[in-house]
Structure formats: structure tokens, C-alpha cells
>>> print(open('work-v6.cif').read())   # mmCIF, C-alpha atoms and all ligand atoms
data_my_file
loop_
_atom_site.label_atom_id
_atom_site.label_comp_id
_atom_site.auth_asym_id
_atom_site.auth_seq_id
_atom_site.Cartn_x
_atom_site.Cartn_y
_atom_site.Cartn_z
CA MET A 1 0.00 0.00 0.00
CA LYS A 2 1.32 3.48 -0.90
CA SER A 3 1.44 5.84 2.09
CA PRO A 4 -1.07 8.70 1.71
CA ILE A 5 1.10 11.28 3.53
CA THR A 6 2.85 12.72 0.45
CA ASP A 7 -0.52 13.01 -1.34
CA TYR A 8 -1.84 14.87 1.69
CA LEU A 9 1.08 17.34 1.55
CA LYS A 10 0.38 17.93 -2.17
CA ASP A 11 -3.22 18.72 -1.24
CA VAL A 12 -2.07 21.25 1.34
CA LEU A 13 0.06 22.95 -1.33
CA GLU A 14 -2.81 23.01 -3.81
CA ASP A 15 -5.34 24.32 -1.29
CA THR A 16 -3.10 27.20 -0.25
CA ARG A 17 -1.88 28.02 -3.75
CA GLN A 18 -4.55 30.59 -4.60
CA GLY A 19 -3.98 34.24 -3.94
CA ASP A 20 -0.84 36.29 -4.16
CA ALA A 21 -1.18 38.36 -1.01
CA GLY A 22 1.99 39.65 0.61
CA GLU A 23 5.28 41.00 -0.69
CA VAL A 24 8.73 39.45 -0.94
CA ALA A 25 11.27 40.99 1.46
CA ALA A 26 12.83 43.97 -0.27
CA TYR A 27 15.05 45.46 2.43
CA ILE A 28 17.76 43.05 1.27
CA PRO A 29 17.90 43.86 -2.50
CA GLU A 30 18.99 40.34 -3.42
CA LEU A 31 15.94 38.83 -1.68
CA ALA A 32 13.68 41.09 -3.76
CA GLN A 33 14.79 39.00 -6.78
CA ALA A 34 13.18 35.84 -5.32
CA ASP A 35 10.62 34.03 -7.48
CA PRO A 36 7.45 34.73 -5.45
CA ASP A 37 5.61 31.67 -6.76
CA ARG A 38 7.92 29.02 -5.37
CA VAL A 39 6.21 26.90 -2.74
CA ALA A 40 7.29 23.80 -0.82
CA ILE A 41 6.50 21.75 2.26
CA ALA A 42 8.25 18.98 4.19
CA VAL A 43 7.58 16.93 7.30
CA ALA A 44 10.35 14.86 8.94
CA THR A 45 9.74 12.23 11.59
CA VAL A 46 11.99 11.85 14.64
CA ASP A 47 13.31 8.64 13.12
CA GLY A 48 14.43 10.36 9.96
CA VAL A 49 11.80 9.85 7.26
CA VAL A 50 11.09 13.00 5.24
CA TYR A 51 7.85 13.53 3.31
CA SER A 52 7.84 16.53 0.97
CA ALA A 53 6.01 18.19 -1.91
CA GLY A 54 6.29 21.19 -4.24
CA ASP A 55 9.65 22.86 -4.88
CA GLU A 56 11.23 20.54 -2.36
CA ASP A 57 14.78 20.91 -3.79
CA TYR A 58 14.65 24.68 -4.22
CA ARG A 59 17.25 26.40 -2.02
CA PHE A 60 16.75 29.72 -0.27
CA THR A 61 18.46 31.48 2.65
CA ILE A 62 17.71 30.32 6.17
CA GLN A 63 17.58 33.88 7.60
CA SER A 64 15.96 34.01 11.03
CA MET A 65 15.24 30.28 11.11
CA SER A 66 18.95 30.05 12.01
CA LYS A 67 18.29 31.82 15.32
CA PRO A 68 17.04 28.88 17.41
CA PHE A 69 19.99 26.74 16.33
CA ALA A 70 22.54 29.47 17.08
CA TYR A 71 20.85 29.97 20.47
CA ALA A 72 21.25 26.25 21.18
CA LEU A 73 24.97 26.45 20.32
CA ALA A 74 25.46 29.55 22.49
CA ILE A 75 23.97 27.65 25.46
CA ARG A 76 26.04 24.57 24.67
CA ASP A 77 29.25 26.64 24.60
CA ASN A 78 28.67 29.02 27.54
CA GLY A 79 26.05 27.45 29.81
CA LEU A 80 22.51 28.76 30.19
CA ASP A 81 23.23 31.23 33.03
CA HIS A 82 25.92 33.02 31.05
CA VAL A 83 23.55 33.35 28.08
CA LEU A 84 20.58 34.49 30.21
CA ALA A 85 22.70 37.21 31.77
CA ARG A 86 23.12 38.71 28.28
CA ILE A 87 19.90 37.81 26.43
CA GLY A 88 16.39 37.62 27.92
CA VAL A 89 13.51 35.25 27.13
CA GLU A 90 10.57 37.65 27.08
CA PRO A 91 8.48 38.20 23.94
CA SER A 92 9.12 41.73 22.75
CA GLY A 93 5.81 42.15 20.90
CA GLU A 94 7.87 44.16 18.43
CA ALA A 95 9.13 43.76 14.91
CA PHE A 96 12.15 41.56 14.15
CA ASN A 97 14.56 44.48 13.70
CA GLU A 98 13.32 46.64 16.58
CA ILE A 99 15.91 48.32 18.80
CA SER A 100 14.58 46.25 21.64
CA LEU A 101 17.13 46.52 24.46
CA GLU A 102 16.49 46.87 28.22
CA SER A 103 17.13 50.55 28.98
CA ASP A 104 19.44 49.99 31.97
CA THR A 105 21.43 46.91 30.91
CA GLY A 106 21.24 46.93 27.12
CA ARG A 107 20.12 43.28 27.30
CA PRO A 108 18.07 42.29 24.24
CA LYS A 109 14.58 40.98 25.06
CA ASN A 110 15.03 37.56 23.47
CA PRO A 111 17.25 35.61 21.03
CA MET A 112 14.61 35.46 18.24
CA ILE A 113 14.69 39.18 17.36
CA ASN A 114 17.72 40.60 15.57
CA ALA A 115 19.34 42.29 18.58
CA GLY A 116 19.21 39.08 20.61
CA ALA A 117 20.30 36.98 17.65
CA ILE A 118 23.38 39.13 17.04
CA ALA A 119 24.35 38.84 20.74
CA THR A 120 23.64 35.09 20.55
CA HIS A 121 25.81 34.68 17.48
CA ALA A 122 28.71 36.40 19.28
CA LEU A 123 28.54 33.70 21.99
CA VAL A 124 28.79 30.67 19.69
CA GLY A 125 32.04 28.81 20.25
CA GLY A 126 32.83 30.76 23.46
CA SER A 127 36.02 32.87 23.29
CA VAL A 128 37.15 32.05 19.78
CA SER A 129 38.11 34.17 16.77
CA GLN A 130 35.30 35.25 14.43
CA ARG A 131 36.83 33.01 11.76
CA ASP A 132 36.56 29.97 14.07
CA ARG A 133 33.04 31.02 15.09
CA ASN A 134 31.95 31.13 11.44
CA ALA A 135 33.55 27.72 10.87
CA GLU A 136 31.79 26.24 13.92
CA ILE A 137 28.43 27.55 12.69
CA MET A 138 29.07 26.00 9.27
CA THR A 139 30.03 22.65 10.80
CA MET A 140 27.15 22.47 13.24
CA PHE A 141 24.44 23.73 10.87
CA SER A 142 25.65 21.16 8.33
CA ALA A 143 25.43 18.49 11.05
CA PHE A 144 21.85 19.58 11.87
CA ALA A 145 20.88 19.42 8.19
CA GLY A 146 22.78 16.21 7.53
CA ARG A 147 24.67 17.60 4.51
CA ASP A 148 27.33 20.27 3.85
CA LEU A 149 25.62 23.65 3.63
CA GLU A 150 26.89 26.68 1.70
CA VAL A 151 26.54 30.42 2.08
CA ASP A 152 24.65 32.38 -0.58
CA GLU A 153 27.41 34.95 -1.15
CA ALA A 154 25.16 37.26 -3.19
CA VAL A 155 22.55 37.49 -0.41
CA PHE A 156 25.33 37.84 2.18
CA SER A 157 26.99 40.83 0.48
CA SER A 158 23.66 42.40 -0.41
CA GLU A 159 22.54 42.30 3.24
CA LEU A 160 25.93 43.47 4.46
CA ASP A 161 25.75 46.53 2.20
CA HIS A 162 22.38 47.42 3.70
CA GLY A 163 22.97 46.18 7.26
CA HIS A 164 23.14 49.57 8.97
CA ARG A 165 20.41 48.83 11.44
CA ASN A 166 21.97 45.54 12.53
CA LEU A 167 25.36 47.28 12.74
CA GLY A 168 23.76 49.96 14.88
CA LEU A 169 22.36 47.28 17.20
CA GLY A 170 25.80 45.67 17.38
CA HIS A 171 27.48 48.94 18.38
CA LEU A 172 24.82 49.68 21.01
CA MET A 173 25.21 46.25 22.57
CA LYS A 174 29.00 46.61 22.56
CA SER A 175 28.62 49.90 24.44
CA PHE A 176 26.59 48.06 27.13
CA GLY A 177 29.08 45.19 27.29
CA VAL A 178 26.47 42.68 26.05
CA ILE A 179 28.82 41.96 23.13
CA GLU A 180 32.44 41.64 24.19
CA ASP A 181 34.13 41.17 20.81
CA ASN A 182 34.26 43.46 17.79
CA PRO A 183 30.58 44.23 17.00
CA VAL A 184 31.21 44.65 13.28
CA ASP A 185 32.64 41.12 13.10
CA ALA A 186 29.68 39.81 15.10
CA VAL A 187 27.14 41.43 12.77
CA GLU A 188 29.01 40.17 9.70
CA GLY A 189 29.09 36.67 11.14
CA TYR A 190 25.39 36.87 11.97
CA ILE A 191 24.53 37.98 8.42
CA ARG A 192 26.64 35.09 7.09
CA GLN A 193 24.73 32.70 9.35
CA CYS A 194 21.44 34.08 7.95
CA ALA A 195 22.68 33.54 4.36
CA LEU A 196 23.11 29.76 4.65
CA LYS A 197 21.26 28.05 1.81
CA VAL A 198 18.72 25.32 2.64
CA ASP A 199 15.69 23.59 1.15
CA VAL A 200 12.57 22.48 3.01
CA ARG A 201 13.89 18.94 3.43
CA ASP A 202 17.04 20.25 5.18
CA LEU A 203 14.91 22.45 7.40
CA ALA A 204 12.48 19.67 8.28
CA ILE A 205 15.38 17.45 9.39
CA MET A 206 16.90 20.33 11.38
CA ALA A 207 13.54 20.89 13.05
CA ALA A 208 13.18 17.14 13.66
CA THR A 209 16.53 17.21 15.49
CA LEU A 210 14.89 19.61 17.92
CA ALA A 211 11.73 17.45 17.99
CA ASN A 212 14.01 14.54 18.88
CA TYR A 213 15.52 16.50 21.79
CA GLY A 214 18.91 17.04 20.14
CA GLN A 215 19.60 13.60 18.71
CA HIS A 216 19.89 13.74 14.93
CA PRO A 217 17.07 11.69 13.37
CA VAL A 218 19.25 10.22 10.63
CA SER A 219 22.85 10.04 11.92
CA GLY A 220 21.76 9.26 15.50
CA ASP A 221 24.45 11.70 16.76
CA ARG A 222 23.61 13.60 19.94
CA LEU A 223 24.13 17.19 18.78
CA LEU A 224 22.42 18.97 21.69
CA GLN A 225 21.47 18.17 25.27
CA PRO A 226 17.73 17.70 25.91
CA SER A 227 17.75 20.52 28.51
CA THR A 228 19.16 22.91 25.88
CA VAL A 229 16.49 21.90 23.39
CA ARG A 230 13.78 22.47 25.99
CA GLN A 231 15.06 26.03 26.45
CA VAL A 232 15.15 26.62 22.69
CA LEU A 233 11.63 25.27 22.13
CA SER A 234 10.26 27.36 24.99
CA VAL A 235 11.69 30.53 23.47
CA MET A 236 10.44 29.56 19.99
CA THR A 237 6.98 29.11 21.50
CA SER A 238 6.85 32.51 23.18
CA CYS A 239 8.95 34.62 20.78
CA GLY A 240 9.36 32.72 17.49
CA MET A 241 6.87 34.59 15.34
CA TYR A 242 7.92 38.18 15.99
CA ASP A 243 5.04 40.44 16.94
CA ALA A 244 2.52 37.74 15.91
CA ALA A 245 3.72 35.26 18.56
CA GLY A 246 0.54 35.28 20.70
CA ASP A 247 -1.74 34.94 17.72
CA TRP A 248 0.42 32.09 16.44
CA LEU A 249 0.43 30.20 19.73
CA THR A 250 -3.33 30.30 20.05
CA THR A 251 -4.16 29.43 16.44
CA VAL A 252 -1.34 27.16 15.22
CA GLY A 253 0.19 26.18 18.55
CA ILE A 254 3.42 24.74 17.15
CA PRO A 255 6.79 26.10 18.39
CA ALA A 256 8.08 27.81 15.26
CA LYS A 257 10.48 30.27 13.68
CA SER A 258 10.05 32.15 10.45
CA GLY A 259 12.63 33.81 8.21
CA VAL A 260 12.31 36.75 5.81
CA ALA A 261 13.21 34.64 2.75
CA GLY A 262 9.80 32.96 3.24
CA GLY A 263 10.50 29.83 5.26
CA ILE A 264 8.89 28.73 8.52
CA ILE A 265 10.02 25.79 10.63
CA GLY A 266 7.82 24.14 13.24
CA VAL A 267 8.74 21.60 15.90
CA LEU A 268 6.30 19.22 17.50
CA PRO A 269 8.30 17.72 20.38
CA GLY A 270 8.58 13.95 20.20
CA GLN A 271 6.80 13.79 16.85
CA VAL A 272 7.93 15.76 13.80
CA GLY A 273 9.85 18.68 12.34
CA ILE A 274 7.98 20.72 9.72
CA ALA A 275 9.19 23.21 7.12
CA VAL A 276 7.18 25.33 4.70
CA PHE A 277 8.33 27.88 2.15
CA SER A 278 6.74 30.64 0.08
CA PRO A 279 8.46 34.04 -0.32
CA ARG A 280 5.55 36.50 -0.03
CA LEU A 281 5.43 37.96 3.49
CA ASP A 282 2.76 39.56 5.65
CA GLU A 283 3.22 42.76 7.63
CA HIS A 284 4.99 40.83 10.43
CA GLY A 285 7.58 39.39 8.03
CA ASN A 286 6.01 35.90 8.11
CA SER A 287 5.28 33.98 4.89
CA VAL A 288 1.58 34.42 4.02
CA ARG A 289 1.13 31.01 2.43
CA GLY A 290 3.55 29.48 4.92
CA VAL A 291 1.30 30.57 7.78
CA LYS A 292 -1.72 29.12 5.95
CA MET A 293 0.06 25.81 5.41
CA MET A 294 1.09 25.62 9.06
CA GLU A 295 -2.46 26.43 10.19
CA ARG A 296 -3.77 23.66 8.00
CA LEU A 297 -1.19 21.12 9.24
CA SER A 298 -1.91 22.01 12.85
CA ARG A 299 -5.65 21.59 12.35
CA ASP A 300 -5.62 18.46 10.21
CA LEU A 301 -2.85 16.59 11.97
CA GLY A 302 -3.85 17.37 15.55
CA MET A 303 -0.59 19.20 16.18
CA HIS A 304 -1.53 22.09 18.44
CA ILE A 305 0.87 21.71 21.33
CA MET A 306 -1.91 22.05 23.90
CA ASP A 307 -3.78 19.28 22.12
CA VAL A 308 -1.25 16.54 21.63
CA PHE A 309 -1.77 13.10 23.07
CA ARG A 310 0.94 11.06 24.74
CA PRO A 311 3.07 9.82 21.86
CA SER A 312 4.19 6.23 21.97
CA ARG A 313 7.29 5.37 19.99
CA SER A 314 6.14 1.84 19.28
CA ALA A 315 2.61 1.85 17.96
CA LEU A 316 3.22 -1.54 16.41
CA ARG A 317 3.41 -4.16 19.11
CA ASN A 318 3.75 -7.01 16.69
CA VAL A 319 3.26 -7.84 13.00
CA SER A 320 3.01 -11.44 11.88
CA SER A 321 1.65 -13.64 9.15
CA ARG A 322 -0.07 -16.55 10.87
CA GLU A 323 -2.85 -19.12 10.67
CA LEU A 324 -6.06 -17.96 12.35
CA PRO A 325 -8.38 -20.28 14.33
CA ASN A 326 -10.62 -20.32 11.21
CA GLY A 327 -7.79 -22.06 9.31
CA GLU A 328 -7.05 -19.04 7.13
CA GLN A 329 -3.66 -17.35 6.78
CA ALA A 330 -3.68 -13.66 7.76
CA THR A 331 -1.28 -10.77 8.32
CA VAL A 332 -1.98 -9.44 11.82
CA TYR A 333 -1.01 -5.93 12.92
CA GLU A 334 -1.19 -5.56 16.70
CA MET A 335 -1.26 -1.89 17.68
CA GLN A 336 -0.92 -0.25 21.08
CA GLY A 337 -0.95 3.08 22.93
CA ASP A 338 -2.52 6.32 21.69
CA MET A 339 -2.97 6.63 17.93
CA ILE A 340 -1.95 10.13 16.83
CA PHE A 341 -0.24 11.40 13.67
CA ALA A 342 3.22 10.14 14.65
CA THR A 343 2.14 6.66 15.72
CA MET A 344 -0.22 6.16 12.77
CA GLU A 345 2.54 7.34 10.42
CA SER A 346 4.70 4.45 11.62
CA VAL A 347 1.89 1.99 10.84
CA LEU A 348 1.37 3.46 7.34
CA ARG A 349 5.11 3.34 6.73
CA HIS A 350 5.22 -0.33 7.68
CA LEU A 351 2.37 -1.02 5.25
CA ASP A 352 4.14 1.00 2.55
CA ASN A 353 7.49 -0.74 2.99
CA ASN A 354 6.38 -4.34 3.46
CA PRO A 355 4.42 -6.32 0.92
CA LEU A 356 1.41 -7.97 2.54
CA PRO A 357 1.69 -11.73 1.93
CA ASP A 358 -1.91 -12.59 2.77
CA HIS A 359 -5.29 -11.65 1.33
CA LEU A 360 -6.68 -11.19 4.84
CA VAL A 361 -5.25 -8.30 6.90
CA VAL A 362 -6.23 -7.95 10.56
CA PHE A 363 -5.72 -4.81 12.63
CA ASP A 364 -5.90 -5.68 16.30
CA VAL A 365 -6.53 -2.48 18.28
CA THR A 366 -7.33 -4.24 21.57
CA ARG A 367 -4.42 -2.45 23.26
CA VAL A 368 -5.06 0.96 21.73
CA ASP A 369 -6.24 3.48 24.33
CA GLU A 370 -7.35 6.37 22.13
CA PHE A 371 -7.72 7.10 18.43
CA HIS A 372 -7.20 10.80 17.69
CA ASP A 373 -9.24 12.16 14.76
CA VAL A 374 -6.20 12.47 12.50
CA ALA A 375 -5.30 8.80 13.13
CA LYS A 376 -8.87 7.76 12.25
CA ARG A 377 -8.64 9.68 8.99
CA MET A 378 -5.27 8.13 8.19
CA ALA A 379 -6.63 4.67 9.00
CA ALA A 380 -9.72 5.33 6.85
CA GLU A 381 -7.49 6.17 3.89
CA ALA A 382 -5.32 3.11 4.52
CA GLY A 383 -8.44 0.93 4.66
CA ALA A 384 -9.63 2.27 1.30
CA ARG A 385 -6.24 1.76 -0.33
CA LEU A 386 -5.84 -1.77 1.06
CA MET A 387 -9.35 -2.89 0.09
CA ASP A 388 -10.15 -1.03 -3.10
CA GLU A 389 -6.71 -0.57 -4.63
CA ASP A 390 -4.86 -3.63 -3.36
CA GLY A 391 -7.87 -6.01 -3.11
CA HIS A 392 -7.36 -7.10 0.51
CA ARG A 393 -9.99 -8.13 3.02
CA VAL A 394 -9.47 -5.91 6.06
CA VAL A 395 -10.76 -6.82 9.52
CA LEU A 396 -10.66 -4.97 12.85
CA ILE A 397 -10.34 -6.55 16.27
CA ASP A 398 -11.78 -3.85 18.49
CA PRO A 399 -13.38 -5.24 21.67
CA ASP A 400 -13.65 -1.83 23.39
CA LYS A 401 -14.91 -0.12 20.24
CA VAL A 402 -12.13 2.51 20.24
CA ILE A 403 -12.96 3.14 16.58
CA ALA A 404 -16.63 2.22 16.64
CA GLY A 405 -18.53 2.75 13.37
CA PHE A 406 -15.24 3.10 11.49
CA GLU A 407 -15.57 3.58 7.74
CA THR A 408 -12.91 3.68 5.06
CA SER A 409 -12.53 6.95 3.16
CA HIS A 410 -14.58 5.33 0.37
CA GLY A 411 -17.45 4.83 2.82
CA ALA A 412 -17.16 1.06 3.41
CA GLU A 413 -17.76 -0.09 6.96
CA LEU A 414 -15.11 -2.51 8.15
CA GLU A 415 -15.80 -5.95 9.57
CA SER A 416 -15.14 -5.66 13.27
CA TYR A 417 -14.98 -8.41 15.91
CA ALA A 418 -14.19 -8.55 19.61
CA LYS A 419 -11.80 -11.49 19.28
CA ILE A 420 -9.57 -12.89 16.60
CA ASP A 421 -11.21 -16.35 16.84
CA GLN A 422 -14.55 -14.81 15.79
CA ILE A 423 -13.27 -13.95 12.30
CA PRO A 424 -15.23 -16.05 9.77
CA GLN A 425 -13.58 -17.56 6.73
CA THR A 426 -13.34 -15.23 3.75
CA ASP A 427 -16.10 -16.87 1.72
CA LYS A 428 -18.48 -16.64 4.72
CA ALA A 429 -17.68 -13.03 5.56
CA VAL A 430 -20.32 -10.37 5.04
CA ARG A 431 -18.92 -7.16 3.59
CA ASN A 432 -21.12 -4.10 4.05
N1 LIG B 501 19.04 38.61 8.07
C1 LIG B 501 17.82 39.11 8.52
C2 LIG B 501 18.05 40.38 9.36
O1 LIG B 501 18.83 40.36 10.28
C3 LIG B 501 17.04 38.08 9.26
C4 LIG B 501 15.70 38.61 9.53
C5 LIG B 501 14.63 37.56 9.49
O2 LIG B 501 14.69 36.55 8.82
O3 LIG B 501 13.65 37.82 10.19
O4 LIG B 501 17.44 41.37 9.09
#
>>> encode(input="work-v6.cif", output="C-alpha cells", more="lines below")
Ligand code: GLU
Amino acid sequence: MKSPITDYLKDVLEDTRQGDAGEVAAYIPELAQADPDRVAIAVATVDGVVYSAGDEDYRFTIQSMSKPFAYALAIRDNGLDHVLARIGVEPSGEAFNEISLESDTGRPKNPMINAGAIATHALVGGSVSQRDRNAEIMTMFSAFAGRDLEVDEAVFSSELDHGHRNLGLGHLMKSFGVIEDNPVDAVEGYIRQCALKVDVRDLAIMAATLANYGQHPVSGDRLLQPSTVRQVLSVMTSCGMYDAAGDWLTTVGIPAKSGVAGGIIGVLPGQVGIAVFSPRLDEHGNSVRGVKMMERLSRDLGMHIMDVFRPSRSALRNVSSRELPNGEQATVYEMQGDMIFATMESVLRHLDNNPLPDHLVVFDVTRVDEFHDVAKRMAAEAGARLMDEDGHRVVLIDPDKVIAGFETSHGAELESYAKIDQIPQTDKAVRN
């Protein structure tokens, strides 16, 4: 059976394609050249599978989506107390480039606005030269993405030529002692960090590293400590979407960070990393279509952080091909725990990757506690594909009726029994 997740992502792209509201960022002349109609989406699981659609290989600059990762490295290299003494964690409610410094200490409000991100950048690597700091950022961002990243030199020099405001912030923070090194070097390094080129698949994997509490989903390397990731995700939640952070938290509810090139990353802890891209921005500097796509994902996939069920890593307790009491051979999927997007995805992936040897397929949900709506919809689509496309007979074992009245997405009600030994032979089965 072919997994329906990529088809779903294509639908999300199509449904949000209409309209050309918003403007591409023009304060960096090179970004004004961006093709406004590019659009892409990717979702990466914490065990390293990436689903994507649209212009999935198109590369653009990471911009402010680099900020959470640089913040994580600053904490790794200096300890949290040292970082907190220089950069706060309070939402500023102001635009990304606001001169948002505490009046007495010069401490920037948080690491997600430019002032805080410049101070954060200057802490990466501890007391090292700017050259070594740039190299460390390159190495670590490449490790997060799982491939060697490059800087978009045209965007870098274009932003540098017009970076007076960021330079001003750098000088101010130097005067307060928030930045200890040369502020011009720090701002240049920060602009270089923002000019790293990525595609949505890179970003989804980077976000999934945060979702996986710092362990890379593909390489398995521990890149960050879980306590550091918790700090980063908390700040993304409260400050990640500039002056739209409160609106974002209540409507989308996914810790996120946007960038002015048009990308947005989202992190659902324990489940997935998400990345969307479309260059036209709203008045807050967030991608218009990107916000729509994230809203849709949050709603459809049950991903609002205040809404998520307890994820279980092993939704599949056992899969076997065996002879049933009725004498018939069947493939039996025994599932357990709460069925949410992440757990159902692992079931769909198993179905996608493993040919089903038997005509009869049994899903035993006796040990499933709850079926979230999104998991029911995913199961309904799987049922339709297995029965109507692949010609299987599909049976549920559901003694507690956790998915009572379940229908496939083509409207067929499934045979459902309380026990496996009640399953009649295929030729005696009644299909509604
Ligand atoms: N390089 C950009 C700046 O500092 C990043 C801004 C953003 O993506 O929000 O202005």
C-alpha cells in the first residue's frame, strides 16, 4: 500500500496556492529578486523519514530560522546562566529588527529578534576568533541538516551593504558590554549565518533534530542536550513569530520560527519537524502562504501543542503472518498506545514498505487506548487503499470499540470483531 502522507502534503500545497497576497522581502535587495511563486512543504519524523512536496529541492536562505539553532549552540558553549545574563527570554511584541534593548542593561529581550540573535551569534564557540566562530556555525548547521551547507554569497553581500540597522544594534550592545568582541565582526558573522542556503527537506530534518531533543534523526548523533532543546523550544513558542507570537500560539500552537526569505520551521516535540516555504510575506515578516500551510497542518494533523496526546514510539506491538483459528492465513497488525499522527505514520510506513503476503489483513486495536481524529482519517485512507486498490480483506479486532462505526474513506464499513477467533472464513464473511 502506498502511504497517503505525500498526497496529503500535495493537497495542502494546492489548497493554499490561490492568492498572491503579501510582498517578498525587499530590504535586502537580493531577496527582492526571489521568485514569489515558489512553494514547498516537508515533514520529517523523529526517526528520519522525510515527506515533501512542491519545490522541495529549491534552495533559499535560512535567515531568522537560524536563530534557534545558534541559540542552542550559544547555550552549549557558555552554559545557560551566562547566556541568560546577556539575552532575555521575554516576547518583545515588536518587529524583528526593533531596537529592543532593556534601557538599563542593554540586554536584548530575546534571542529570536535581531538584537538578541546578534548577541547570541557572538557567543557561539565561546572565546574564539570570528573566523573559528563562522567555521563552527558552518560545521554544526551542516550536522543539523545532515549535509554540507553553503553560504549564498550574493545574499550575504547584499545584506551586508544594507545592514546599517543591525550594525547599529551591534554597536549599542557593545557599548553596554552585552557583546564583548568586535561588534562589526559579530554582525558580519550573523549575516553570514542568515545567508546559509537550505531547502525544506534540510529544514524539516533540522527541526526534527529539535523534535528529537537534540539527537539527529538520521545520523543518530547527539548534537544537543535535551535541557538545551527544551530552552530553545520554549523561546520559539513565546517569541518565534515576531510580533505575531501570541496569535500564532493560540491558532497554530506549534513552536516555530520564520525567516524573511519565506521559510517557517515548526517543531512538535517527540513527533515531527515541519518546514514550509513561500516568499511573499505579511506585515509581520512571516510567509503568508507558509502561515496558511502551518495552520492547515496544525488543524488536520492534531498538532496544536496544547492538544497533543501522549506519543508512543512503538505503535506496532507485533506484526506477523499466521494461521487464524478459522484455518485461514492472515497478516496481523497488533497496535498499542494512543494513535496520533506520529504513531499512525509508523503503521502506514510499515504497510508502505512491506508487501502484505496474505489476502486477509487484521488490525488488532485491543491495546489501543485512544484514536485521535487524524489517526482515524489516516486509517480510513489506509483501509480504502488496502481494500479497493490492493484487493485485501481488512478486519478490525476492536473489543472496546475505540474506533466504533469506522468507515474507510470510500465509505465502506469494516468488519469488526471482539476477538480474533470470531473472524469467519473469507467466503463466509459479510462485507457491508
Ligand atoms: N538577516 C535578517 C536580518 O537580520 C534576518 C531577519 C529575518 O529573517 O527575520 O534582518
>>> atom_distance(input="work-v6.cif", atom1="CA of Leu396 in chain A", atom2="CA of Ala384 in chain A")
13.7 Å
>>> closest_atom_pairs(input="work-v6.cif", of="chain A", to="ligand LIG 501 (chain B)", cutoff="6 Å", atoms="only C-alpha atoms and all ligand atoms", output="tab-separated table")
residue	atom	partner	partner_atom	distance
A:Gln63	CA	B:LIG501	O2	4.1
A:Ser64	CA	B:LIG501	O2	3.6
A:Phe96	CA	B:LIG501	O3	5.6
A:Asn114	CA	B:LIG501	O1	5.4
A:Ile191	CA	B:LIG501	N1	5.5
A:Cys194	CA	B:LIG501	N1	5.1
A:Gly259	CA	B:LIG501	O2	3.5
A:Val260	CA	B:LIG501	O2	3.8
>>> write_last_selection(input="work-v6.cif", atoms="C-alpha atoms", output="compact mmCIF listing (two decimals), in the coordinates of the input")
# COMPACT_ATOMS: atom_id res chain seq x y z
CA GLN A 63 17.58 33.88 7.60
CA SER A 64 15.96 34.01 11.03
CA PHE A 96 12.15 41.56 14.15
CA ASN A 114 17.72 40.60 15.57
CA ILE A 191 24.53 37.98 8.42
CA CYS A 194 21.44 34.08 7.95
CA GLY A 259 12.63 33.81 8.21
CA VAL A 260 12.31 36.75 5.81
>>> residues_around(input="work-v6.cif", residues="range 118-126 of chain A", least_positions_apart="5", cutoff="8 Å", atoms="all atoms listed in the file", output="MDAnalysis selection string")
chainID A and resid 70:71 73:74 77:78 83 86:87 108 111 132:133 136:137 166 170 173 178:179 181 186:187 189:190
>>> write_last_selection(input="work-v6.cif", atoms="C-alpha atoms", output="short mmCIF file (atom, residue, chain, number, x, y, z; two decimals), in the coordinates of the input")
data_model
loop_
_atom_site.label_atom_id
_atom_site.label_comp_id
_atom_site.auth_asym_id
_atom_site.auth_seq_id
_atom_site.Cartn_x
_atom_site.Cartn_y
_atom_site.Cartn_z
CA ALA A 70 22.54 29.47 17.08
CA TYR A 71 20.85 29.97 20.47
CA LEU A 73 24.97 26.45 20.32
CA ALA A 74 25.46 29.55 22.49
CA ASP A 77 29.25 26.64 24.60
CA ASN A 78 28.67 29.02 27.54
CA VAL A 83 23.55 33.35 28.08
CA ARG A 86 23.12 38.71 28.28
CA ILE A 87 19.90 37.81 26.43
CA PRO A 108 18.07 42.29 24.24
CA PRO A 111 17.25 35.61 21.03
CA ASP A 132 36.56 29.97 14.07
CA ARG A 133 33.04 31.02 15.09
CA GLU A 136 31.79 26.24 13.92
CA ILE A 137 28.43 27.55 12.69
CA ASN A 166 21.97 45.54 12.53
CA GLY A 170 25.80 45.67 17.38
CA MET A 173 25.21 46.25 22.57
CA VAL A 178 26.47 42.68 26.05
CA ILE A 179 28.82 41.96 23.13
CA ASP A 181 34.13 41.17 20.81
CA ALA A 186 29.68 39.81 15.10
CA VAL A 187 27.14 41.43 12.77
CA GLY A 189 29.09 36.67 11.14
CA TYR A 190 25.39 36.87 11.97
#
>>> residues_around(input="work-v6.cif", residues="Met236 in chain A", least_positions_apart="3", cutoff="10 Å", atoms="all atoms listed in the file", output="ChimeraX atom specification")
/A:67-68,89,91,110-112,230-233,239-242,245,254-258,266-267
>>> closest_residue(input="work-v6.cif", among="A:Leu203, A:Val347, A:Leu268, A:Ala208", to="Met1 in chain A", atoms="only C-alpha atoms")
A:Val347
>>> atom_distance(input="work-v6.cif", atom1="CA of Asp388 in chain A", atom2="CA of Asp7 in chain A")
17.1 Å
>>> atom_distance(input="work-v6.cif", atom1="CA of Tyr417 in chain A", atom2="CA of Leu360 in chain A")
14.1 Å
>>> residues_around(input="work-v6.cif", residues="Glu328 in chain A", least_positions_apart="5", cutoff="10 Å", atoms="all atoms listed in the file", output="ChimeraX atom specification")
/A:322-323,358-360,423-426
>>> write_last_selection(input="work-v6.cif", atoms="C-alpha atoms", output="PDB file, in the coordinates of the input")
ATOM      1  CA  ARG A 322      -0.070 -16.550  10.870  1.00  0.00           C
ATOM      2  CA  GLU A 323      -2.850 -19.120  10.670  1.00  0.00           C
ATOM      3  CA  ASP A 358      -1.910 -12.590   2.770  1.00  0.00           C
ATOM      4  CA  HIS A 359      -5.290 -11.650   1.330  1.00  0.00           C
ATOM      5  CA  LEU A 360      -6.680 -11.190   4.840  1.00  0.00           C
ATOM      6  CA  ILE A 423     -13.270 -13.950  12.300  1.00  0.00           C
ATOM      7  CA  PRO A 424     -15.230 -16.050   9.770  1.00  0.00           C
ATOM      8  CA  GLN A 425     -13.580 -17.560   6.730  1.00  0.00           C
ATOM      9  CA  THR A 426     -13.340 -15.230   3.750  1.00  0.00           C
TER      10      THR A 426
END
>>> residues_around(input="work-v6.cif", residues="Leu356 in chain A", least_positions_apart="4", cutoff="12 Å", atoms="only C-alpha atoms", output="list in words")
Met1, Lys2, Val319, Ser320, Ser321, Gln329, Ala330, Thr331, Val332, Tyr333, His350, Leu351, Asp352, Leu360, Val361, Val362, Leu386, Asp390, Gly391, His392, Arg393 and Val394 of chain A
>>> closest_residue(input="work-v6.cif", among="A:Val24, A:Val229, A:Leu196, A:Ala211", to="Ala72 in chain A", atoms="only C-alpha atoms")
A:Val229
>>> closest_residue(input="work-v6.cif", among="A:Ala380, A:Ala21, A:Ile62, A:Ala135", to="Lys197 in chain A", atoms="all atoms listed in the file")
A:Ile62
>>> closest_residue(input="work-v6.cif", among="A:Asp47, A:Asp199, A:Glu30, A:Asp81", to="His162 in chain A", atoms="only C-alpha atoms")
A:Glu30
>>> closest_residue(input="work-v6.cif", among="A:Arg147, A:Lys174, A:Arg367, A:Lys109", to="Asp202 in chain A", atoms="only C-alpha atoms")
A:Arg147
